[in-house]
file protein.pdb (PDB, C-alpha atoms)
ATOM      1  CA  MET A   1      63.877  96.970 110.056
ATOM      2  CA  ILE A   2      61.219  94.261 110.369
ATOM      3  CA  GLN A   3      63.667  91.634 109.110
ATOM      4  CA  THR A   4      66.226  92.773 111.685
ATOM      5  CA  LEU A   5      63.682  92.523 114.497
ATOM      6  CA  LEU A   6      62.638  89.078 113.247
ATOM      7  CA  ASN A   7      66.244  87.866 113.206
ATOM      8  CA  GLN A   8      66.799  89.229 116.709
ATOM      9  CA  GLY A   9      63.616  87.546 117.883
ATOM     10  CA  LEU A  10      64.715  84.201 116.429
ATOM     11  CA  SER A  11      68.136  84.532 118.087
ATOM     12  CA  ALA A  12      66.400  85.252 121.392
ATOM     13  CA  ALA A  13      64.225  82.170 120.849
ATOM     14  CA  ASP A  14      67.391  80.076 120.355
ATOM     15  CA  LEU A  15      68.760  81.316 123.663
ATOM     16  CA  GLY A  16      65.400  80.933 125.383
ATOM     17  CA  LEU A  17      65.134  77.293 124.361
ATOM     18  CA  ILE A  18      68.676  76.455 125.519
ATOM     19  CA  PHE A  19      68.170  78.325 128.792
ATOM     20  CA  GLY A  20      64.771  76.592 129.037
ATOM     21  CA  ILE A  21      66.606  73.369 129.927
ATOM     22  CA  MET A  22      68.280  75.262 132.764
ATOM     23  CA  ALA A  23      64.887  76.630 133.827
ATOM     24  CA  LEU A  24      63.557  73.055 133.964
ATOM     25  CA  GLY A  25      66.258  72.298 136.519
ATOM     26  CA  VAL A  26      65.277  75.347 138.554
ATOM     27  CA  TYR A  27      61.622  74.246 138.338
ATOM     28  CA  ILE A  28      62.452  70.844 139.866
ATOM     29  CA  THR A  29      64.120  72.373 142.933
ATOM     30  CA  PHE A  30      62.025  75.543 143.266
ATOM     31  CA  ARG A  31      58.527  74.176 142.557
ATOM     32  CA  VAL A  32      58.658  70.377 142.793
ATOM     33  CA  LEU A  33      61.118  69.949 145.677
ATOM     34  CA  ASN A  34      60.461  73.329 147.352
ATOM     35  CA  PHE A  35      64.208  73.721 147.812
ATOM     36  CA  PRO A  36      65.873  77.161 147.321
ATOM     37  CA  ASP A  37      68.943  75.969 145.418
ATOM     38  CA  LEU A  38      71.570  78.576 144.535
ATOM     39  CA  THR A  39      73.996  76.009 143.112
ATOM     40  CA  VAL A  40      72.705  76.894 139.636
ATOM     41  CA  ASP A  41      75.043  79.866 139.157
ATOM     42  CA  GLY A  42      78.030  77.554 139.607
ATOM     43  CA  SER A  43      76.782  74.312 138.048
ATOM     44  CA  PHE A  44      75.822  76.061 134.789
ATOM     45  CA  THR A  45      79.423  77.244 134.365
ATOM     46  CA  THR A  46      80.700  73.831 135.450
ATOM     47  CA  GLY A  47      78.749  72.158 132.651
ATOM     48  CA  ALA A  48      80.134  74.682 130.153
ATOM     49  CA  ALA A  49      83.699  74.431 131.469
ATOM     50  CA  VAL A  50      83.766  70.631 131.452
ATOM     51  CA  ALA A  51      82.271  70.376 127.964
ATOM     52  CA  ALA A  52      84.614  73.044 126.523
ATOM     53  CA  SER A  53      87.723  71.518 128.116
ATOM     54  CA  ALA A  54      86.768  68.035 126.938
ATOM     55  CA  ILE A  55      86.104  69.194 123.366
ATOM     56  CA  LEU A  56      89.444  71.021 123.241
ATOM     57  CA  GLY A  57      91.041  67.865 124.640
ATOM     58  CA  GLY A  58      89.809  65.866 121.662
ATOM     59  CA  VAL A  59      86.731  64.244 123.186
ATOM     60  CA  ASN A  60      83.723  63.668 120.926
ATOM     61  CA  PRO A  61      81.437  66.744 121.288
ATOM     62  CA  TRP A  62      78.380  64.624 122.114
ATOM     63  CA  VAL A  63      80.303  62.757 124.815
ATOM     64  CA  ALA A  64      81.671  66.091 126.080
ATOM     65  CA  THR A  65      78.113  67.405 126.345
ATOM     66  CA  MET A  66      77.236  64.399 128.491
ATOM     67  CA  PHE A  67      80.300  65.164 130.613
ATOM     68  CA  GLY A  68      78.761  68.576 131.294
ATOM     69  CA  PHE A  69      75.508  66.843 132.261
ATOM     70  CA  VAL A  70      77.340  64.556 134.716
ATOM     71  CA  ALA A  71      79.428  67.426 136.123
ATOM     72  CA  GLY A  72      76.239  69.379 136.879
ATOM     73  CA  ALA A  73      74.800  66.288 138.582
ATOM     74  CA  ALA A  74      77.940  66.036 140.748
ATOM     75  CA  ALA A  75      77.508  69.666 141.826
ATOM     76  CA  GLY A  76      73.917  68.932 142.842
ATOM     77  CA  LEU A  77      75.063  65.857 144.731
ATOM     78  CA  ILE A  78      77.470  67.975 146.802
ATOM     79  CA  THR A  79      74.730  70.454 147.717
ATOM     80  CA  GLY A  80      72.395  67.586 148.597
ATOM     81  CA  LEU A  81      74.967  65.925 150.852
ATOM     82  CA  LEU A  82      75.807  69.219 152.573
ATOM     83  CA  HIS A  83      72.127  69.759 153.356
ATOM     84  CA  THR A  84      70.959  66.247 154.233
ATOM     85  CA  LYS A  85      74.059  64.725 155.828
ATOM     86  CA  GLY A  86      75.736  67.902 157.045
ATOM     87  CA  LYS A  87      72.444  69.439 158.241
ATOM     88  CA  ILE A  88      73.367  72.753 156.619
ATOM     89  CA  ASN A  89      70.641  75.232 155.755
ATOM     90  CA  PRO A  90      69.502  74.793 152.097
ATOM     91  CA  LEU A  91      70.397  78.357 151.125
ATOM     92  CA  LEU A  92      73.814  78.147 152.753
ATOM     93  CA  ALA A  93      74.515  74.710 151.250
ATOM     94  CA  GLY A  94      73.818  76.064 147.762
ATOM     95  CA  ILE A  95      75.906  79.184 148.330
ATOM     96  CA  LEU A  96      78.850  77.157 149.646
ATOM     97  CA  THR A  97      78.773  74.847 146.610
ATOM     98  CA  GLN A  98      78.421  77.797 144.274
ATOM     99  CA  ILE A  99      81.445  79.579 145.759
ATOM    100  CA  ALA A 100      83.541  76.407 145.683
ATOM    101  CA  LEU A 101      82.582  75.797 142.049
ATOM    102  CA  TYR A 102      83.993  79.177 141.030
ATOM    103  CA  SER A 103      87.515  78.030 141.903
ATOM    104  CA  ILE A 104      86.880  74.528 140.549
ATOM    105  CA  ASN A 105      85.667  75.951 137.228
ATOM    106  CA  LEU A 106      88.820  78.063 136.955
ATOM    107  CA  ARG A 107      90.862  74.919 137.582
ATOM    108  CA  ILE A 108      88.946  73.028 134.887
ATOM    109  CA  MET A 109      89.340  75.766 132.267
ATOM    110  CA  GLY A 110      92.811  76.885 133.303
ATOM    111  CA  LYS A 111      91.824  80.505 132.649
ATOM    112  CA  ALA A 112      88.779  82.741 132.855
ATOM    113  CA  ASN A 113      87.754  82.357 129.216
ATOM    114  CA  LEU A 114      88.091  79.263 127.038
ATOM    115  CA  PRO A 115      87.368  79.855 123.311
ATOM    116  CA  MET A 116      86.400  76.962 121.005
ATOM    117  CA  LEU A 117      86.382  78.856 117.724
ATOM    118  CA  ARG A 118      88.289  76.226 115.699
ATOM    119  CA  ALA A 119      87.094  73.185 117.616
ATOM    120  CA  GLU A 120      84.437  70.841 116.270
ATOM    121  CA  THR A 121      81.311  71.011 118.450
ATOM    122  CA  THR A 122      77.786  69.623 118.229
ATOM    123  CA  MET A 123      76.740  72.955 116.694
ATOM    124  CA  SER A 124      79.585  73.458 114.221
ATOM    125  CA  GLU A 125      77.477  72.286 111.271
ATOM    126  CA  MET A 126      74.713  74.732 112.176
ATOM    127  CA  ARG A 127      77.244  77.546 112.570
ATOM    128  CA  ARG A 128      78.898  76.832 109.190
ATOM    129  CA  ALA A 129      75.501  76.683 107.496
ATOM    130  CA  GLY A 130      74.531  80.013 109.058
ATOM    131  CA  LEU A 131      71.463  78.533 110.708
ATOM    132  CA  PHE A 132      71.785  80.308 114.069
ATOM    133  CA  GLY A 133      68.975  82.795 114.568
ATOM    134  CA  THR A 134      66.761  81.237 111.889
ATOM    135  CA  TRP A 135      63.568  79.186 111.875
ATOM    136  CA  ALA A 136      65.732  76.098 111.251
ATOM    137  CA  SER A 137      67.741  76.555 114.447
ATOM    138  CA  VAL A 138      64.562  77.272 116.414
ATOM    139  CA  GLY A 139      63.072  74.044 115.047
ATOM    140  CA  ILE A 140      66.184  72.040 115.977
ATOM    141  CA  PHE A 141      66.304  73.417 119.523
ATOM    142  CA  VAL A 142      62.560  72.861 119.928
ATOM    143  CA  ALA A 143      63.118  69.198 118.997
ATOM    144  CA  VAL A 144      65.941  68.922 121.562
ATOM    145  CA  VAL A 145      63.808  70.559 124.261
ATOM    146  CA  ILE A 146      60.876  68.242 123.472
ATOM    147  CA  VAL A 147      63.152  65.214 123.994
ATOM    148  CA  VAL A 148      64.324  66.660 127.342
ATOM    149  CA  LEU A 149      60.701  67.391 128.324
ATOM    150  CA  ILE A 150      59.597  63.846 127.486
ATOM    151  CA  ILE A 151      62.395  62.341 129.587
ATOM    152  CA  THR A 152      61.768  64.770 132.480
ATOM    153  CA  ASN A 153      58.013  64.142 132.445
ATOM    154  CA  TRP A 154      58.564  60.394 132.284
ATOM    155  CA  PHE A 155      60.862  60.615 135.323
ATOM    156  CA  LEU A 156      58.358  62.713 137.291
ATOM    157  CA  SER A 157      55.578  60.210 136.499
ATOM    158  CA  THR A 158      57.507  57.203 137.872
ATOM    159  CA  ASP A 159      57.124  56.044 141.480
ATOM    160  CA  THR A 160      60.407  57.740 142.331
ATOM    161  CA  GLY A 161      59.297  60.948 140.629
ATOM    162  CA  LEU A 162      55.968  60.902 142.463
ATOM    163  CA  ALA A 163      57.829  60.389 145.760
ATOM    164  CA  LEU A 164      60.000  63.371 144.817
ATOM    165  CA  GLN A 165      56.910  65.520 144.249
ATOM    166  CA  ALA A 166      55.371  64.304 147.494
ATOM    167  CA  THR A 167      58.567  65.258 149.351
ATOM    168  CA  GLY A 168      58.124  68.823 148.180
ATOM    169  CA  ASP A 169      54.391  68.864 148.960
ATOM    170  CA  ASN A 170      54.367  67.240 152.378
ATOM    171  CA  GLU A 171      57.673  65.981 153.727
ATOM    172  CA  ALA A 172      56.231  64.576 156.965
ATOM    173  CA  MET A 173      53.533  62.601 155.146
ATOM    174  CA  ILE A 174      55.887  60.936 152.658
ATOM    175  CA  ARG A 175      58.365  60.157 155.453
ATOM    176  CA  ALA A 176      55.556  58.395 157.315
ATOM    177  CA  GLN A 177      55.112  56.218 154.206
ATOM    178  CA  GLY A 178      58.660  54.937 154.640
ATOM    179  CA  VAL A 179      60.297  57.080 151.958
ATOM    180  CA  SER A 180      63.700  58.592 152.721
ATOM    181  CA  THR A 181      63.177  62.323 152.180
ATOM    182  CA  ASP A 182      66.933  62.899 152.377
ATOM    183  CA  ASN A 183      67.475  60.600 149.403
ATOM    184  CA  MET A 184      64.652  62.296 147.516
ATOM    185  CA  LYS A 185      66.203  65.730 148.117
ATOM    186  CA  ILE A 186      69.599  64.512 146.939
ATOM    187  CA  LEU A 187      68.031  62.926 143.857
ATOM    188  CA  GLY A 188      66.081  66.105 143.072
ATOM    189  CA  LEU A 189      69.197  68.263 143.357
ATOM    190  CA  VAL A 190      71.191  65.833 141.192
ATOM    191  CA  VAL A 191      68.557  65.809 138.430
ATOM    192  CA  SER A 192      68.069  69.578 138.622
ATOM    193  CA  ASN A 193      71.738  70.475 138.374
ATOM    194  CA  ALA A 194      72.335  67.811 135.720
ATOM    195  CA  LEU A 195      69.848  69.673 133.517
ATOM    196  CA  VAL A 196      71.557  72.963 134.400
ATOM    197  CA  GLY A 197      74.960  71.482 133.495
ATOM    198  CA  LEU A 198      73.549  70.184 130.187
ATOM    199  CA  SER A 199      72.226  73.667 129.411
ATOM    200  CA  GLY A 200      75.646  75.155 130.218
ATOM    201  CA  ALA A 201      77.384  72.667 127.932
ATOM    202  CA  MET A 202      75.014  73.521 125.080
ATOM    203  CA  MET A 203      75.353  77.269 125.668
ATOM    204  CA  ALA A 204      79.170  77.073 125.575
ATOM    205  CA  GLN A 205      78.984  75.374 122.182
ATOM    206  CA  TYR A 206      76.368  77.823 120.928
ATOM    207  CA  GLN A 207      78.497  80.818 121.938
ATOM    208  CA  GLY A 208      81.784  79.199 120.949
ATOM    209  CA  TYR A 209      83.420  79.709 124.340
ATOM    210  CA  ALA A 210      83.093  79.032 128.067
ATOM    211  CA  ASP A 211      83.494  81.931 130.475
ATOM    212  CA  ILE A 212      83.885  81.931 134.231
ATOM    213  CA  GLY A 213      81.176  84.595 134.597
ATOM    214  CA  MET A 214      78.532  83.063 132.305
ATOM    215  CA  GLY A 215      76.519  81.637 135.208
ATOM    216  CA  ILE A 216      76.526  84.658 137.511
ATOM    217  CA  GLY A 217      72.985  85.769 138.313
ATOM    218  CA  LEU A 218      71.491  82.944 136.253
ATOM    219  CA  ILE A 219      69.256  81.818 139.119
ATOM    220  CA  VAL A 220      67.245  85.023 138.608
ATOM    221  CA  ALA A 221      66.695  84.149 134.945
ATOM    222  CA  GLY A 222      65.656  80.629 135.932
ATOM    223  CA  LEU A 223      63.195  81.858 138.538
ATOM    224  CA  ALA A 224      61.849  84.457 136.098
ATOM    225  CA  SER A 225      61.255  81.743 133.498
ATOM    226  CA  VAL A 226      59.404  79.542 136.004
ATOM    227  CA  ILE A 227      57.249  82.382 137.359
ATOM    228  CA  ILE A 228      56.453  83.932 133.969
ATOM    229  CA  GLY A 229      55.630  80.561 132.436
ATOM    230  CA  GLN A 230      53.310  79.534 135.256
ATOM    231  CA  ALA A 231      51.659  82.963 135.311
ATOM    232  CA  ILE A 232      50.839  82.708 131.607
ATOM    233  CA  LEU A 233      50.040  78.990 131.529
ATOM    234  CA  PRO A 234      48.898  77.908 135.000
ATOM    235  CA  ALA A 235      48.501  74.148 135.245
ATOM    236  CA  ARG A 236      48.139  71.451 137.853
ATOM    237  CA  HIS A 237      49.675  68.665 135.756
ATOM    238  CA  PHE A 238      53.459  68.682 135.706
ATOM    239  CA  ALA A 239      53.587  67.893 131.963
ATOM    240  CA  VAL A 240      51.935  71.224 131.186
ATOM    241  CA  ALA A 241      53.885  72.990 133.926
ATOM    242  CA  THR A 242      57.263  71.900 132.512
ATOM    243  CA  ALA A 243      56.258  73.057 129.032
ATOM    244  CA  ALA A 244      55.177  76.383 130.569
ATOM    245  CA  VAL A 245      58.635  76.790 132.107
ATOM    246  CA  VAL A 246      60.297  76.523 128.686
ATOM    247  CA  LEU A 247      57.718  78.938 127.271
ATOM    248  CA  GLY A 248      58.530  81.328 130.119
ATOM    249  CA  SER A 249      62.227  81.087 129.287
ATOM    250  CA  VAL A 250      61.596  82.015 125.640
ATOM    251  CA  ILE A 251      59.356  84.940 126.643
ATOM    252  CA  TYR A 252      61.968  86.130 129.134
ATOM    253  CA  ARG A 253      64.682  86.164 126.470
ATOM    254  CA  GLU A 254      62.372  87.915 124.002
ATOM    255  CA  VAL A 255      61.673  90.658 126.569
ATOM    256  CA  ILE A 256      65.394  91.053 127.253
ATOM    257  CA  GLN A 257      66.010  91.300 123.488
ATOM    258  CA  LEU A 258      63.277  93.925 123.142
ATOM    259  CA  ALA A 259      64.864  95.928 125.949
ATOM    260  CA  LEU A 260      68.235  95.809 124.171
ATOM    261  CA  SER A 261      66.623  96.790 120.865
ATOM    262  CA  ALA A 262      64.927  99.711 122.600
ATOM    263  CA  GLY A 263      68.329 101.082 123.556
ATOM    264  CA  PHE A 264      68.761  99.911 127.136
ATOM    265  CA  ASP A 265      72.333  99.565 128.363
ATOM    266  CA  PRO A 266      73.416  95.880 128.482
ATOM    267  CA  ASN A 267      74.756  96.596 131.974
ATOM    268  CA  ASP A 268      71.138  97.159 133.069
ATOM    269  CA  MET A 269      70.014  93.657 132.071
ATOM    270  CA  LYS A 270      70.308  92.310 135.618
ATOM    271  CA  LEU A 271      68.102  95.153 136.829
ATOM    272  CA  ILE A 272      65.586  94.462 134.059
ATOM    273  CA  SER A 273      65.617  90.767 134.981
ATOM    274  CA  ALA A 274      64.825  91.603 138.599
ATOM    275  CA  VAL A 275      62.001  93.937 137.519
ATOM    276  CA  LEU A 276      60.556  91.184 135.314
ATOM    277  CA  VAL A 277      60.509  88.757 138.240
ATOM    278  CA  VAL A 278      58.810  91.345 140.474
ATOM    279  CA  LEU A 279      56.177  92.063 137.795
ATOM    280  CA  ALA A 280      55.565  88.346 137.248
ATOM    281  CA  LEU A 281      55.008  87.942 140.993
ATOM    282  CA  LEU A 282      52.783  90.992 141.448
ATOM    283  CA  LEU A 283      50.628  90.956 138.302
ATOM    284  CA  PRO A 284      48.690  87.750 139.179
ATOM    285  CA  ARG A 285      47.635  89.454 142.429
ATOM    286  CA  LEU A 286      45.912  92.335 140.655
ATOM    287  CA  THR A 287      42.110  92.226 140.599
ATOM    288  CA  ILE A 288      41.844  92.038 136.818
ATOM    289  CA  PHE A 289      44.080  88.950 136.706
ATOM    290  CA  LYS A 290      42.190  87.353 139.602
ATOM    291  CA  ARG A 291      38.932  87.779 137.671
ATOM    292  CA  TRP A 292      40.526  86.361 134.551
ATOM    293  CA  ALA A 293      41.821  83.359 136.521
ATOM    294  CA  ALA A 294      38.380  82.782 138.098
ATOM    295  CA  ARG A 295      36.688  82.951 134.690
ATOM    296  CA  ARG A 296      39.246  80.542 133.251
ATOM    297  CA  LYS A 297      38.702  78.100 136.127
ATOM    298  CA  GLN A 298      34.939  78.303 135.589
ATOM    299  CA  GLN A 299      35.379  77.502 131.898
ATOM    300  CA  GLN A 300      37.568  74.514 132.763
ATOM    301  CA  MET A 301      34.889  73.198 135.150
ATOM    302  CA  LEU A 302      32.260  73.633 132.455
ATOM    303  CA  LYS A 303      34.417  71.726 130.008
ATOM    304  CA  ALA A 304      35.113  68.964 132.546
ATOM    305  CA  ALA A 305      31.372  68.619 133.265
ATOM    306  CA  GLY A 306      30.573  68.375 129.551
ATOM    307  CA  GLY A 307      28.569  71.608 129.674
ATOM    308  CA  ALA A 308      26.224  70.304 132.397
ATOM    309  CA  TYR A 309      27.632  72.548 135.091
ATOM    310  CA  GLN A 310      26.351  76.092 135.414
ATOM    311  CA  PRO A 311      27.271  78.547 138.154
ATOM    312  CA  ALA A 312      24.574  78.959 140.808
ATOM    313  CA  MET A 313      22.591  82.188 140.603
ATOM    314  CA  ALA A 314      20.554  83.678 143.420
ATOM    315  CA  GLY A 315      16.814  82.970 143.042
ATOM    316  CA  ALA A 316      17.174  80.799 139.953
ATOM    317  CA  PRO A 317      17.841  77.091 139.411
ATOM    318  CA  ALA A 318      21.413  76.303 138.391
ATOM    319  CA  ARG A 319      20.153  73.823 135.739
ATOM    320  CA  PRO A 320      16.928  72.110 134.650
ATOM    321  CA  PRO A 321      15.577  69.588 137.205
ATOM    322  CA  GLY A 322      16.716  66.016 136.576
ATOM    323  CA  GLN A 323      19.671  66.983 134.409
ATOM    324  CA  PRO A 324      22.953  65.510 135.704
ATOM    325  CA  GLY A 325      25.509  68.054 136.844
ATOM    326  CA  LEU A 326      27.801  69.080 139.652
ATOM    327  CA  GLU A 327      25.436  71.163 141.782
ATOM    328  CA  PRO A 328      21.834  70.226 142.862
ATOM    329  CA  THR A 329      19.138  72.732 141.928
ATOM    330  CA  ASN A 330      17.075  74.638 144.502
ATOM    331  CA  GLU A 331      14.032  72.517 143.547
ATOM    332  CA  GLU A 332      15.914  69.276 144.172
ATOM    333  CA  LEU A 333      17.173  70.528 147.513
ATOM    334  CA  SER A 334      13.563  71.317 148.538
ATOM    335  CA  LYS A 335      12.430  67.798 147.551
ATOM    336  CA  ARG A 336      15.234  66.243 149.537
ATOM    337  CA  GLY A 337      14.163  68.265 152.565
ATOM    338  CA  GLU A 338      10.521  67.032 152.243
ATOM    339  CA  GLN A 339      11.695  63.413 152.039
TER
END
call {"tool": "encode", "arguments": {"input": "protein.pdb", "output": "structure tokens"}}
result
Amino acid sequence: MIQTLLNQGLSAADLGLIFGIMALGVYITFRVLNFPDLTVDGSFTTGAAVAASAILGGVNPWVATMFGFVAGAAAGLITGLLHTKGKINPLLAGILTQIALYSINLRIMGKANLPMLRAETTMSEMRRAGLFGTWASVGIFVAVVIVVLIITNWFLSTDTGLALQATGDNEAMIRAQGVSTDNMKILGLVVSNALVGLSGAMMAQYQGYADIGMGIGLIVAGLASVIIGQAILPARHFAVATAAVVLGSVIYREVIQLALSAGFDPNDMKLISAVLVVLALLLPRLTIFKRWAARRKQQQMLKAAGGAYQPAMAGAPARPPGQPGLEPTNEELSKRGEQ
């Protein structure tokens, strides 16, 4: 029983890590760019469809995976152009691209389901060795995700990446600095959907097939991963925030797996996903979590001040006179007033 649960948990971790790359894409549009992009449901399938079709056409699996990455980027480019050049509402631009991709994906695959059972993929060796759902596969996918995180964090730390973040924070301010916010939005959507397409290409090879419905409702999973990760590991630095998103994706898949193990109907998974997102949004607003967050912030300030900072207390000095710290003591304030 315990071994079965462990195996199921490891399989869920595999999926969580692969979907974590997709969640990183959602994080870039949802949190960094502040853009509600619904292209994800279509671009994920596009990445899977392109990679599967290319592999079955004899293309090297690694090259085919990059094709999925590029195809996702192209989908993001279309949404970006619709919004910035066509002046279409962000939500509507994403929905239009998503709907168009459904037909395009069918064209790419030629049918609704494209199996790759006998084709050589990037994960064939792992499948033959029976490594899926083991600590070895988790370790391999963690290594892949770390590489993606390093590249993503490097990009966000460049001048272009900082301009992208500034576009999401204050569009008017960064435009006043001479930066084209339209170009930044297009770039953000391209990078985001490229990651989503890469995740789709990897998932198709992990499952052994590409399906026209594999991306439906995926935006909810991506948002859940971002919200859960940032609720558990709140951070101001994007390097920690991106890692939290992947952690949120793994936790989300583990919760889904627990729900399935508990006997829930697989048809209810979309409902469970929506409930998870609602809980992740509401729980941080409860008093107990607010107190925990305040205590955590206080500890961080203490650590940053090297232990010199102490919270002010009514009728008592915050620290001994003369000791360096963040807040002046009551005695020091009195002396300043006499001077």
call {"tool": "resolve_selection", "arguments": {"input": "protein.pdb", "expression": "the PyMOL selection byres ((chain A and resi 85-98) around 12)", "output": "ChimeraX atom specification"}}
result
/A:29-30,33-46,72,74-84,99-105,181-183,185-186,189,193,215-219
call {"tool": "atom_distance", "arguments": {"input": "protein.pdb", "atom1": "atom CA of A:Val32", "atom2": "atom CA of A:Phe67"}}
result
25.4 Å
call {"tool": "atom_distance", "arguments": {"input": "protein.pdb", "atom1": "atom CA of A:Pro61", "atom2": "atom CA of A:Asp211"}}
result
17.9 Å
call {"tool": "resolve_selection", "arguments": {"input": "protein.pdb", "expression": "the PyMOL selection byres ((chain A and resi 277) around 10)", "output": "list in words"}}
result
Val220, Ala221, Gly222, Leu223, Ala224, Ser225, Val226, Ile227, Ile228, Tyr252, Ile272, Ser273, Ala274, Val275, Leu276, Val278, Leu279, Ala280, Leu281 and Leu282 of chain A
call {"tool": "residues_around", "arguments": {"input": "protein.pdb", "residues": "stretch 204-209 of chain A", "least_positions_apart": "5", "cutoff": "12 Å", "atoms": "all atoms listed in the file", "output": "short mmCIF file (atom, residue, chain, number, x, y, z; two decimals) with C-alpha atoms, in the frame of the given file"}}
result
data_model
loop_
_atom_site.label_atom_id
_atom_site.label_comp_id
_atom_site.auth_asym_id
_atom_site.auth_seq_id
_atom_site.Cartn_x
_atom_site.Cartn_y
_atom_site.Cartn_z
CA SER A 11 68.14 84.53 118.09
CA ASP A 14 67.39 80.08 120.36
CA LEU A 15 68.76 81.32 123.66
CA LEU A 17 65.13 77.29 124.36
CA ILE A 18 68.68 76.46 125.52
CA PHE A 19 68.17 78.32 128.79
CA PHE A 44 75.82 76.06 134.79
CA THR A 45 79.42 77.24 134.36
CA THR A 46 80.70 73.83 135.45
CA GLY A 47 78.75 72.16 132.65
CA ALA A 48 80.13 74.68 130.15
CA ALA A 49 83.70 74.43 131.47
CA VAL A 50 83.77 70.63 131.45
CA ALA A 51 82.27 70.38 127.96
CA ALA A 52 84.61 73.04 126.52
CA SER A 53 87.72 71.52 128.12
CA ALA A 54 86.77 68.04 126.94
CA ILE A 55 86.10 69.19 123.37
CA LEU A 56 89.44 71.02 123.24
CA PRO A 61 81.44 66.74 121.29
CA TRP A 62 78.38 64.62 122.11
CA ALA A 64 81.67 66.09 126.08
CA THR A 65 78.11 67.40 126.34
CA GLY A 68 78.76 68.58 131.29
CA MET A 109 89.34 75.77 132.27
CA LYS A 111 91.82 80.50 132.65
CA ALA A 112 88.78 82.74 132.85
CA ASN A 113 87.75 82.36 129.22
CA LEU A 114 88.09 79.26 127.04
CA PRO A 115 87.37 79.86 123.31
CA MET A 116 86.40 76.96 121.00
CA LEU A 117 86.38 78.86 117.72
CA ARG A 118 88.29 76.23 115.70
CA ALA A 119 87.09 73.18 117.62
CA GLU A 120 84.44 70.84 116.27
CA THR A 121 81.31 71.01 118.45
CA THR A 122 77.79 69.62 118.23
CA MET A 123 76.74 72.96 116.69
CA SER A 124 79.58 73.46 114.22
CA GLU A 125 77.48 72.29 111.27
CA MET A 126 74.71 74.73 112.18
CA ARG A 127 77.24 77.55 112.57
CA LEU A 131 71.46 78.53 110.71
CA PHE A 132 71.78 80.31 114.07
CA GLY A 133 68.97 82.80 114.57
CA SER A 137 67.74 76.56 114.45
CA PHE A 141 66.30 73.42 119.52
CA GLY A 197 74.96 71.48 133.50
CA LEU A 198 73.55 70.18 130.19
CA SER A 199 72.23 73.67 129.41
CA MET A 214 78.53 83.06 132.30
CA GLY A 215 76.52 81.64 135.21
#
call {"tool": "residues_near_point", "arguments": {"input": "protein.pdb", "point": "(53.2, 69.2, 130.6)", "cutoff": "12 Å", "atoms": "only C-alpha atoms", "output": "PyMOL selection string"}}
result
chain A and resi 24+146+148-154+156-157+229-230+233-247
call {"tool": "residues_near_point", "arguments": {"input": "protein.pdb", "point": "(63.5, 92.7, 117.4)", "cutoff": "9 Å", "atoms": "only C-alpha atoms", "output": "list in words"}}
result
Met1, Ile2, Gln3, Thr4, Leu5, Leu6, Asn7, Gln8, Gly9, Leu10, Ala12, Glu254, Gln257, Leu258, Leu260, Ser261 and Ala262 of chain A
call {"tool": "atom_distance", "arguments": {"input": "protein.pdb", "atom1": "atom CA of A:Arg253", "atom2": "atom CA of A:Leu195"}}
result
18.7 Å
call {"tool": "decode", "arguments": {"input": "protein.pdb", "residues": "stretch 262-272 of chain A", "atoms": "N, CA and C atoms", "output": "mmCIF file, in the first residue's frame"}}
result
data_model
loop_
_atom_site.group_PDB
_atom_site.id
_atom_site.type_symbol
_atom_site.label_atom_id
_atom_site.label_comp_id
_atom_site.auth_asym_id
_atom_site.auth_seq_id
_atom_site.Cartn_x
_atom_site.Cartn_y
_atom_site.Cartn_z
ATOM 1 N N ALA A 262 -8.031 8.782 -3.508
ATOM 2 C CA ALA A 262 -9.108 8.755 -2.522
ATOM 3 C C ALA A 262 -10.438 8.306 -3.124
ATOM 4 N N GLY A 263 -10.452 8.105 -4.448
ATOM 5 C CA GLY A 263 -11.653 7.580 -5.075
ATOM 6 C C GLY A 263 -12.489 8.585 -5.836
ATOM 7 N N PHE A 264 -11.964 9.796 -6.019
ATOM 8 C CA PHE A 264 -12.719 10.794 -6.780
ATOM 9 C C PHE A 264 -12.793 10.369 -8.256
ATOM 10 N N ASP A 265 -13.885 10.741 -8.885
ATOM 11 C CA ASP A 265 -14.073 10.447 -10.306
ATOM 12 C C ASP A 265 -13.114 11.314 -11.129
ATOM 13 N N PRO A 266 -12.376 10.730 -12.076
ATOM 14 C CA PRO A 266 -11.473 11.548 -12.912
ATOM 15 C C PRO A 266 -12.189 12.678 -13.639
ATOM 16 N N ASN A 267 -13.498 12.496 -13.878
ATOM 17 C CA ASN A 267 -14.259 13.568 -14.544
ATOM 18 C C ASN A 267 -14.407 14.799 -13.651
ATOM 19 N N ASP A 268 -14.154 14.626 -12.343
ATOM 20 C CA ASP A 268 -14.292 15.749 -11.405
ATOM 21 C C ASP A 268 -12.992 16.532 -11.243
ATOM 22 N N MET A 269 -11.944 16.148 -11.973
ATOM 23 C CA MET A 269 -10.641 16.782 -11.766
ATOM 24 C C MET A 269 -10.652 18.273 -12.093
ATOM 25 N N LYS A 270 -11.437 18.666 -13.098
ATOM 26 C CA LYS A 270 -11.510 20.096 -13.423
ATOM 27 C C LYS A 270 -12.151 20.860 -12.270
ATOM 28 N N LEU A 271 -13.178 20.257 -11.671
ATOM 29 C CA LEU A 271 -13.826 20.885 -10.518
ATOM 30 C C LEU A 271 -12.853 20.990 -9.349
ATOM 31 N N ILE A 272 -12.101 19.919 -9.113
ATOM 32 C CA ILE A 272 -11.116 19.937 -8.021
ATOM 33 C C ILE A 272 -10.039 20.987 -8.288
#
